[in-house]
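Coordinates from final02.txt are shown below (compact mmCIF, C-alpha atoms and all ligand atoms).
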# COMPACT_ATOMS: atom_id res chain seq x y z
CA MET A 479 -90.73 -29.24 -74.94
CA LYS A 480 -91.33 -27.81 -71.56
CA ARG A 481 -89.62 -30.84 -70.02
CA ILE A 482 -86.56 -30.41 -72.24
CA LEU A 483 -86.26 -26.80 -71.20
CA LEU A 484 -86.63 -27.82 -67.60
CA TRP A 485 -83.79 -30.31 -67.79
CA THR A 486 -81.66 -27.92 -69.70
CA GLY A 487 -82.22 -25.36 -66.95
CA VAL A 488 -81.30 -27.91 -64.29
CA GLY A 489 -78.18 -28.82 -66.24
CA LEU A 490 -77.05 -25.22 -66.59
CA THR A 491 -77.63 -24.55 -62.93
CA ALA A 492 -75.66 -27.61 -61.90
CA ALA A 493 -72.82 -26.60 -64.22
CA ALA A 494 -72.85 -23.13 -62.72
CA ILE A 495 -72.73 -24.54 -59.21
CA VAL A 496 -69.87 -26.86 -60.14
CA THR A 497 -68.03 -24.01 -61.81
CA VAL A 498 -68.39 -21.76 -58.80
CA ALA A 499 -67.33 -24.60 -56.51
CA VAL A 500 -64.28 -25.23 -58.65
CA LEU A 501 -63.48 -21.51 -58.68
CA ILE A 502 -63.82 -21.35 -54.90
CA LEU A 503 -61.80 -24.46 -54.29
CA CYS A 504 -59.11 -24.05 -56.91
CA THR A 505 -58.66 -20.31 -57.43
CA CYS A 506 -58.60 -17.13 -55.41
CA VAL A 507 -60.98 -15.09 -57.55
CA PHE A 508 -63.29 -14.49 -54.61
CA GLY A 509 -60.41 -13.29 -52.41
CA ASN A 510 -60.25 -16.54 -50.52
CA HIS A 511 -56.46 -16.82 -50.39
CA THR A 512 -54.84 -19.53 -48.31
CA TYR A 513 -51.87 -17.84 -46.68
CA THR A 514 -48.81 -19.42 -45.18
CA SER A 515 -47.50 -17.83 -42.00
CA ALA A 516 -45.12 -14.97 -42.47
CA THR A 517 -41.46 -15.75 -41.70
CA CYS A 518 -38.48 -13.63 -40.77
CA THR A 519 -37.73 -12.92 -44.40
CA ALA A 520 -41.09 -13.48 -46.22
CA PRO A 521 -44.58 -12.06 -45.78
CA GLU A 522 -47.68 -14.26 -45.73
CA ILE A 523 -47.92 -15.94 -49.17
CA CYS A 524 -50.95 -17.55 -50.72
CA THR A 525 -50.20 -21.18 -51.51
CA ARG A 526 -52.52 -21.06 -54.45
CA CYS A 527 -51.82 -17.84 -56.24
CA GLY A 528 -48.66 -16.56 -54.66
CA ALA A 529 -50.32 -13.35 -53.51
CA THR A 530 -48.61 -11.80 -50.49
CA ARG A 531 -49.96 -10.01 -47.47
CA GLY A 532 -48.21 -7.85 -44.90
CA GLU A 533 -44.47 -7.65 -44.39
CA PRO A 534 -41.78 -10.16 -43.44
CA LEU A 535 -41.55 -10.45 -39.65
CA GLY A 536 -37.86 -9.57 -39.55
CA HIS A 537 -35.25 -11.48 -37.53
CA ILE A 538 -35.20 -11.41 -33.75
CA TYR A 539 -31.50 -11.34 -33.16
CA SER A 540 -29.95 -12.14 -29.80
CA ASP A 541 -27.08 -9.86 -28.73
CA PRO A 542 -23.80 -11.19 -29.99
CA THR A 543 -21.37 -12.44 -27.33
CA CYS A 544 -17.61 -12.72 -27.11
CA THR A 545 -17.65 -15.99 -29.03
CA GLU A 546 -21.08 -16.15 -30.79
CA ARG A 547 -22.46 -14.11 -33.67
CA GLU A 548 -25.97 -12.74 -33.24
CA ILE A 549 -28.58 -15.49 -33.79
CA CYS A 550 -32.26 -15.14 -34.76
CA ALA A 551 -34.39 -16.69 -32.07
CA ARG A 552 -37.02 -17.58 -34.67
CA CYS A 553 -35.13 -18.98 -37.61
CA GLY A 554 -31.62 -19.55 -36.29
CA GLU A 555 -30.08 -17.28 -38.89
CA ARG A 556 -26.65 -15.99 -37.82
CA SER A 557 -25.37 -12.57 -38.62
CA GLY A 558 -22.37 -10.33 -37.98
CA GLU A 559 -19.25 -11.43 -36.11
CA PRO A 560 -18.59 -12.48 -32.50
CA LEU A 561 -17.51 -9.48 -30.39
CA GLY A 562 -14.27 -11.10 -29.24
CA HIS A 563 -13.06 -11.09 -25.65
CA VAL A 564 -12.04 -7.90 -23.90
CA TRP A 565 -8.96 -9.07 -22.00
CA LEU A 566 -8.06 -7.30 -18.77
CA PRO A 567 -4.41 -7.81 -17.93
CA ALA A 568 -3.48 -10.47 -15.42
CA ALA A 569 -2.85 -9.29 -11.85
CA CYS A 570 -1.04 -10.77 -8.87
CA THR A 571 -3.89 -13.08 -7.91
CA GLU A 572 -6.04 -13.01 -11.08
CA PRO A 573 -5.29 -14.42 -14.54
CA GLU A 574 -6.18 -12.45 -17.67
CA THR A 575 -9.96 -12.07 -17.50
CA CYS A 576 -12.55 -11.06 -20.11
CA ALA A 577 -14.37 -7.98 -18.91
CA ARG A 578 -17.49 -9.07 -20.76
CA CYS A 579 -17.92 -12.77 -20.11
CA GLY A 580 -15.55 -13.42 -17.23
CA MET A 581 -13.57 -16.07 -19.08
CA THR A 582 -9.98 -16.39 -17.89
CA ARG A 583 -6.78 -17.50 -19.53
CA GLY A 584 -3.27 -18.13 -18.32
CA GLU A 585 -2.15 -17.91 -14.71
CA PRO A 586 -2.11 -15.09 -12.12
CA LEU A 587 1.20 -13.23 -12.10
CA GLY A 588 1.91 -13.90 -8.42
CA HIS A 589 3.13 -11.20 -6.05
CA ASP A 590 6.41 -9.42 -6.64
CA LEU A 591 7.66 -8.99 -3.10
CA THR A 592 10.25 -6.64 -1.70
CA GLU A 593 12.37 -7.86 1.14
CA ALA A 594 11.11 -6.91 4.57
CA ASN A 595 13.09 -4.16 6.28
CA TYR A 596 13.02 -2.61 9.72
CA GLN A 597 10.13 -0.27 8.95
CA THR A 598 7.98 -2.20 6.46
CA PRO A 599 7.00 -5.84 5.95
CA ALA A 600 7.59 -7.59 2.64
CA THR A 601 5.39 -5.65 0.19
CA CYS A 602 4.18 -6.46 -3.30
CA ARG A 603 5.63 -3.95 -5.76
CA ARG A 604 2.61 -4.44 -8.02
CA CYS A 605 -0.46 -4.42 -5.75
CA GLY A 606 0.91 -3.09 -2.47
CA ASP A 607 -0.26 -6.04 -0.36
CA VAL A 608 1.96 -6.61 2.65
CA PHE A 609 3.08 -9.94 4.06
CA GLY A 610 4.35 -10.73 7.52
CA GLU A 611 6.04 -8.26 9.80
CA PRO A 612 8.91 -5.80 9.53
CA LEU A 613 12.29 -7.22 10.51
CA PRO A 614 12.64 -7.43 14.28
CA ALA A 615 14.68 -4.60 15.77
CA ALA A 616 18.06 -5.68 17.07
CA LEU A 617 17.20 -4.39 20.54
CA LYS A 618 13.58 -5.52 20.60
CA ASP A 619 14.18 -8.16 23.24
CA ARG A 620 16.84 -6.32 25.23
CA THR A 621 15.85 -4.79 28.55
CA LEU A 622 17.00 -1.19 28.40
CA ASN A 623 16.86 1.55 31.01
CA GLU A 624 14.71 3.73 28.84
CA MET A 625 14.38 7.36 29.90
CA GLN A 626 11.13 9.30 29.65
CA VAL A 627 10.95 13.03 29.04
CA GLY A 628 10.68 14.96 32.30
CA VAL A 629 11.57 12.02 34.56
CA PRO A 630 14.96 12.26 36.35
CA VAL A 631 16.61 8.87 36.87
CA PRO A 632 19.75 7.87 38.81
CA TYR A 633 22.93 8.09 36.80
CA THR A 634 26.14 6.59 38.09
CA THR A 635 29.42 7.58 36.49
CA ALA A 636 33.03 8.23 37.40
CA SER A 637 34.49 10.82 39.76
CA TYR A 638 36.41 13.61 38.14
CA GLU A 639 39.20 12.99 40.61
CA ASP A 640 39.41 9.23 40.39
CA TYR A 641 37.82 7.19 37.62
CA ASP A 642 37.57 4.20 39.94
CA VAL A 643 35.26 6.10 42.29
CA ASP A 644 31.56 6.05 41.43
CA VAL A 645 29.41 9.13 41.84
CA THR A 646 25.65 9.07 41.45
CA GLY A 647 23.38 11.92 40.48
CA THR A 648 20.39 12.18 38.21
CA ALA A 649 19.97 12.38 34.46
CA GLU A 650 16.88 13.80 32.84
CA ILE A 651 15.67 14.54 29.36
CA VAL A 652 14.09 17.88 30.25
CA ASP A 653 12.83 18.59 26.75
CA TYR A 654 12.51 16.76 23.48
CA THR A 655 11.45 18.30 20.16
CA VAL A 656 11.25 17.28 16.54
CA THR A 657 11.81 20.23 14.22
CA PRO A 658 12.96 20.92 10.66
CA GLY A 659 15.81 22.94 12.14
CA ASN A 660 16.85 26.23 13.69
CA ASP A 661 19.92 28.45 13.99
CA ALA A 662 21.94 25.89 15.89
CA PHE A 663 20.67 22.85 13.99
CA PRO A 664 20.58 23.59 10.24
CA ALA A 665 17.65 22.17 8.27
CA ARG A 666 18.07 19.74 5.42
CA GLU A 667 15.52 18.73 2.76
CA GLY A 668 13.74 15.49 3.66
CA TYR A 669 15.23 15.41 7.14
CA GLU A 670 14.20 16.53 10.59
CA TRP A 671 16.09 17.24 13.77
CA HIS A 672 15.29 15.25 16.88
CA ILE A 673 16.65 17.34 19.72
CA ALA A 674 16.86 16.27 23.34
CA THR A 675 17.83 18.65 26.15
CA VAL A 676 19.85 16.63 28.62
CA GLN A 677 20.33 17.68 32.23
CA LEU A 678 22.66 16.08 34.74
CA VAL A 679 22.51 17.08 38.41
CA PHE A 680 25.03 15.89 40.97
CA GLY A 681 24.72 17.18 44.53
CA GLY A 682 25.76 16.42 48.04
CA GLU A 683 29.10 15.53 49.60
CA ASP A 684 29.90 13.02 46.96
CA ALA A 685 29.71 15.53 44.16
CA GLN A 686 31.38 18.25 46.20
CA LYS A 687 34.32 16.06 46.93
CA ASN A 688 34.74 14.16 43.71
CA GLY A 689 33.11 16.07 40.89
CA MET A 690 32.01 13.92 38.01
CA LEU A 691 32.60 13.11 34.36
CA SER A 692 29.75 12.01 32.12
CA ALA A 693 29.87 10.07 28.89
CA HIS A 694 27.33 9.56 26.16
CA THR A 695 27.11 8.13 22.72
CA PHE A 696 24.50 7.10 20.17
CA GLY A 697 23.12 3.81 18.96
CA ASP A 698 20.27 2.51 16.88
CA TRP A 699 17.22 0.58 17.97
CA TYR A 700 16.89 -1.43 14.78
CA LEU A 701 20.43 -2.31 13.90
CA LEU A 702 23.02 -2.24 16.63
CA ASP A 703 25.04 0.04 14.48
CA ASP A 704 28.43 1.50 15.24
CA SER A 705 28.77 3.72 12.22
CA MET A 706 28.79 7.07 14.00
CA ALA A 707 31.99 8.98 13.39
CA ALA A 708 34.14 9.66 16.42
CA THR A 709 34.95 13.20 15.36
CA GLU A 710 32.85 16.02 14.09
CA ASP A 711 33.36 17.99 10.91
CA GLU A 712 33.93 21.75 10.72
CA ASN A 713 30.19 22.33 11.17
CA GLY A 714 30.06 20.28 14.34
CA LEU A 715 28.28 17.42 12.58
CA ARG A 716 29.20 13.79 13.02
CA PRO A 717 27.90 11.49 10.30
CA PHE A 718 26.33 8.11 10.90
CA MET A 719 24.10 5.76 8.96
CA CYS A 720 20.59 4.60 9.65
CA ASP A 721 18.57 1.83 8.06
CA TRP A 722 15.45 3.42 6.63
CA HIS A 723 13.00 1.34 4.59
CA GLY A 724 15.76 -0.95 3.44
CA MET A 725 18.22 1.77 2.50
CA ARG A 726 21.34 2.87 4.30
CA VAL A 727 20.76 6.57 4.77
CA GLN A 728 23.27 9.21 5.84
CA CYS A 729 22.38 11.01 9.09
CA TRP A 730 24.21 13.47 11.29
CA GLN A 731 24.57 14.19 14.97
CA LYS A 732 25.32 17.50 16.60
CA THR A 733 25.94 18.40 20.22
CA GLY A 734 24.85 21.86 21.24
CA PRO A 735 26.87 24.14 23.55
CA ASN A 736 26.50 23.78 27.29
CA GLU A 737 23.59 25.78 28.64
CA GLU A 738 24.63 25.06 32.21
CA ALA A 739 27.92 23.59 33.35
CA ASP A 740 28.79 24.69 36.82
CA TRP A 741 27.96 24.66 40.47
CA TYR A 742 24.56 26.03 41.30
CA ASP A 743 23.64 26.15 44.95
CA ARG A 744 25.95 23.26 45.85
CA GLU A 745 24.75 21.25 42.87
CA LEU A 746 26.89 20.42 39.90
CA ARG A 747 24.64 20.90 36.90
CA PHE A 748 25.11 20.35 33.23
CA ARG A 749 22.54 21.04 30.57
CA TRP A 750 22.96 20.90 26.83
CA LYS A 751 21.18 19.79 23.64
CA GLU A 752 21.81 16.66 21.63
CA GLY A 753 20.40 16.64 18.12
CA VAL A 754 20.27 14.03 15.39
CA LEU A 755 19.38 14.88 11.81
CA VAL A 756 17.46 11.90 10.46
CA PRO A 757 15.04 11.16 7.60
CA GLU A 758 11.57 12.46 8.40
CA GLY A 759 9.86 9.98 10.68
CA TYR A 760 12.94 8.00 11.64
CA ASP A 761 12.52 6.74 15.18
CA GLY A 762 15.50 4.51 15.80
CA VAL A 763 18.26 6.70 17.24
CA LEU A 764 19.22 6.01 20.83
CA LEU A 765 20.96 8.54 23.03
CA ILE A 766 22.95 6.53 25.55
CA LEU A 767 24.44 7.81 28.80
CA TYR A 768 27.05 5.43 30.14
CA HIS A 769 29.66 5.19 32.87
CA TYR A 770 32.64 7.39 32.09
CA ARG A 771 35.03 4.70 33.26
CA LEU A 772 34.24 2.69 30.13
CA ALA A 773 35.64 5.52 28.04
CA ALA A 774 38.43 6.55 30.36
CA HIS A 775 41.07 4.65 28.50
CA ALA A 776 39.48 4.87 25.06
CA THR A 777 40.70 7.32 22.47
CA HIS A 778 37.35 9.08 22.28
CA LEU A 779 34.11 9.45 24.18
CA TYR A 780 31.71 8.29 21.52
CA LEU A 781 32.18 4.60 22.06
CA PRO A 782 30.24 2.23 19.84
CA ALA A 783 26.81 1.52 21.31
CA SER A 784 27.54 -2.19 21.36
CA GLU A 785 30.37 -1.57 23.84
CA VAL A 786 28.39 0.49 26.34
CA LEU A 787 24.85 -0.89 26.25
CA ASP A 788 24.83 -2.74 29.52
CA GLU A 789 22.19 -2.86 32.23
CA HIS A 790 23.50 0.39 33.73
CA ALA A 791 23.39 2.51 30.60
CA LEU A 792 20.54 5.02 30.33
CA VAL A 793 18.84 5.02 26.98
CA PHE A 794 16.63 7.69 25.44
CA ARG A 795 14.99 6.70 22.18
CA MET A 796 14.75 9.78 19.96
CA GLN A 797 11.47 8.86 18.30
ZN ZN A 801 -54.31 -16.81 -53.51
ZN ZN A 802 -34.99 -15.00 -38.28
ZN ZN A 803 -15.35 -12.69 -23.23
ZN ZN A 804 0.76 -8.32 -5.54
Whole structure given in structure tokens:
Amino acid sequence: MKRILLWTGVGLTAAAIVTVAVLILCTCVFGNHTYTSATCTAPEICTRCGATRGEPLGHIYSDPTCTEREICARCGERSGEPLGHVWLPAACTEPETCARCGMTRGEPLGHDLTEANYQTPATCRRCGDVFGEPLPAALKDRTLNEMQVGVPVPYTTASYEDYDVDVTGTAEIVDYTVTPGNDAFPAREGYEWHIATVQLVFGGEDAQKNGMLSAHTFGDWYLLDDSMAATEDENGLRPFMCDWHGMRVQCWQKTGPNEEADWYDRELRFRWKEGVLVPEGYDGVLLILYHYRLAAHATHLYLPASEVLDEHALVFRMQ
């Protein structure tokens, strides 16, 4: 009897052990869950009982780009929409370009060039880049007797008595100013007066005996231009044209009254002002003193510059 009880006890114990082992191995009643790893969208889940623990990890999205939606670095899930390119307009030397990714499309526009003129080189209307040089001035390579302010230079012209007789004195630009205007030289919007005070001095026997006649006219450094009117209007202005940044621009010339015109201490002296009204900054007008004989048989004194600009002519550039 004792033996039977003993074996029964052993049997029950073994069954209990087996039962517990089965419960441990096959169920989660002791809290021994077997969890999967959490994913972006699911928490840890027990493979046996489906119990969950914690929270889903959530996606780790990359930033979207111009052409790609956002992508989860963990699971590859895509979301949202690509941003699309942000196109900056094409420029002279750059095609259309995405501000975000730098992608380009199409071709650069190319420069849109003006024609060069006497003051400015060919210039792109769009970006302002300049190319090459301004047009060469017509007189750039001519040797001229250029006068400097305050420096008397010999001036040979015709005798008052006989145009075939030469007399020589001096010519000097004694003063040169650039001004908007004054009483004698009326101002004009966008223009400025360039005013030279010219002085001629003829002395000695030659002058005493023969007297002298002077002649002057105007020309243009850039474009040997003969547009200056021979006669003045009722305001004493003589129109001419200049070539300013590619445009033909109306200008005017005015001769002031004589400030001196007589004998002074055995010297024959003349002094007067010559003004030109030109666009602000224009530097091309030439005041030209030439031999009176050239004009002696002409109908007027203001001969075209092209007819008087020889190696003897004195030239003052009103710049
Ligand atoms: Zn479980
Ligand atoms: Zn994910
Ligand atoms: Zn882009
Ligand atoms: Zn350009």
Computed gap from atom CA of A:Arg771 to atom CA of A:Asp642 is 7.2 Å
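Near ligand ZN 804 (chain A), the residues found within 8 Å are A:Ala569, A:Cys570, A:Thr571, A:Gly588, A:His589, A:Asp590, A:Leu591, A:Thr601, A:Cys602, A:Arg603, A:Arg604, A:Cys605, A:Gly606, A:Asp607 (criterion computed using all atoms listed in the file).
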Contact residues around stretch 683-696 of chain A with all atoms listed in the file at 7 Å, ignoring same-chain residues under 2 positions, as a compact mmCIF listing (two decimals) with C-alpha atoms, keeping the file's coordinate frame:
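Once everything was written out, this is part05.txt:
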# COMPACT_ATOMS: atom_id res chain seq x y z
CA THR A 635 29.42 7.58 36.49
CA ALA A 636 33.03 8.23 37.40
CA SER A 637 34.49 10.82 39.76
CA TYR A 638 36.41 13.61 38.14
CA GLU A 639 39.20 12.99 40.61
CA VAL A 645 29.41 9.13 41.84
CA PHE A 680 25.03 15.89 40.97
CA GLY A 681 24.72 17.18 44.53
CA VAL A 763 18.26 6.70 17.24
CA LEU A 764 19.22 6.01 20.83
CA LEU A 765 20.96 8.54 23.03
CA ILE A 766 22.95 6.53 25.55
CA LEU A 767 24.44 7.81 28.80
CA TYR A 768 27.05 5.43 30.14
CA HIS A 769 29.66 5.19 32.87
CA TYR A 770 32.64 7.39 32.09
CA LEU A 779 34.11 9.45 24.18
CA TYR A 780 31.71 8.29 21.52
CA LEU A 781 32.18 4.60 22.06
CA ALA A 783 26.81 1.52 21.31
Counting all atoms listed in the file, what are the residues, protein, DNA or RNA alike, that approach ligand ZN 803 (chain A) to within 6 Å? I want them as a PDB file with C-alpha atoms, keeping the file's coordinate frame.
ATOM      1  CA  CYS A 544     -17.610 -12.720 -27.110  1.00  0.00           C
ATOM      2  CA  HIS A 563     -13.060 -11.090 -25.650  1.00  0.00           C
ATOM      3  CA  VAL A 564     -12.040  -7.900 -23.900  1.00  0.00           C
ATOM      4  CA  CYS A 576     -12.550 -11.060 -20.110  1.00  0.00           C
ATOM      5  CA  ARG A 578     -17.490  -9.070 -20.760  1.00  0.00           C
ATOM      6  CA  CYS A 579     -17.920 -12.770 -20.110  1.00  0.00           C
ATOM      7  CA  MET A 581     -13.570 -16.070 -19.080  1.00  0.00           C
TER       8      MET A 581
END
One decimal, Å: what's the distance from atom CA of A:Asp743 over to atom CA of A:Gly682, could you say?
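Value for the atom CA of A:Asp743-atom CA of A:Gly682 distance: 10.4 Å.
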Handout entry: Neighbourhood of ligand ZN 802 (chain A) at 8 Å, counting only C-alpha atoms and all ligand atoms, reported as a PyMOL selection string
Key = chain A and resi 517-519+536-539+549-555
- [ ] Return the single residue from A:Tyr513, A:Phe748, A:Phe718, A:Tyr742 that is closest to A:Thr648, with distances computed using all atoms listed in the file.
- [x]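 Closest candidate: A:Phe748.
Relative to atom CA of A:Val793, atom CA of A:Met625 is found at 5.8 Å.
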_Protein and nucleic acid residues within 7 Å of ligand ZN 801 (chain A) (all atoms listed in the file) as a PyMOL selection string_ = chain A and resi 505-506+510-512+524-529
Using the file's own x, y and z axes, so that the box edges lie along x, y and z, what centre and edge lengths in Å (one decimal) does a box around every listed atom of stretch 729-747 of chain A get when 5 Å is added on each side? Give it as lines of an AutoDock Vina configuration file.
center_x = 25.6
center_y = 18.6
center_z = 27.5
size_x = 16.4
size_y = 25.1
size_z = 46.8
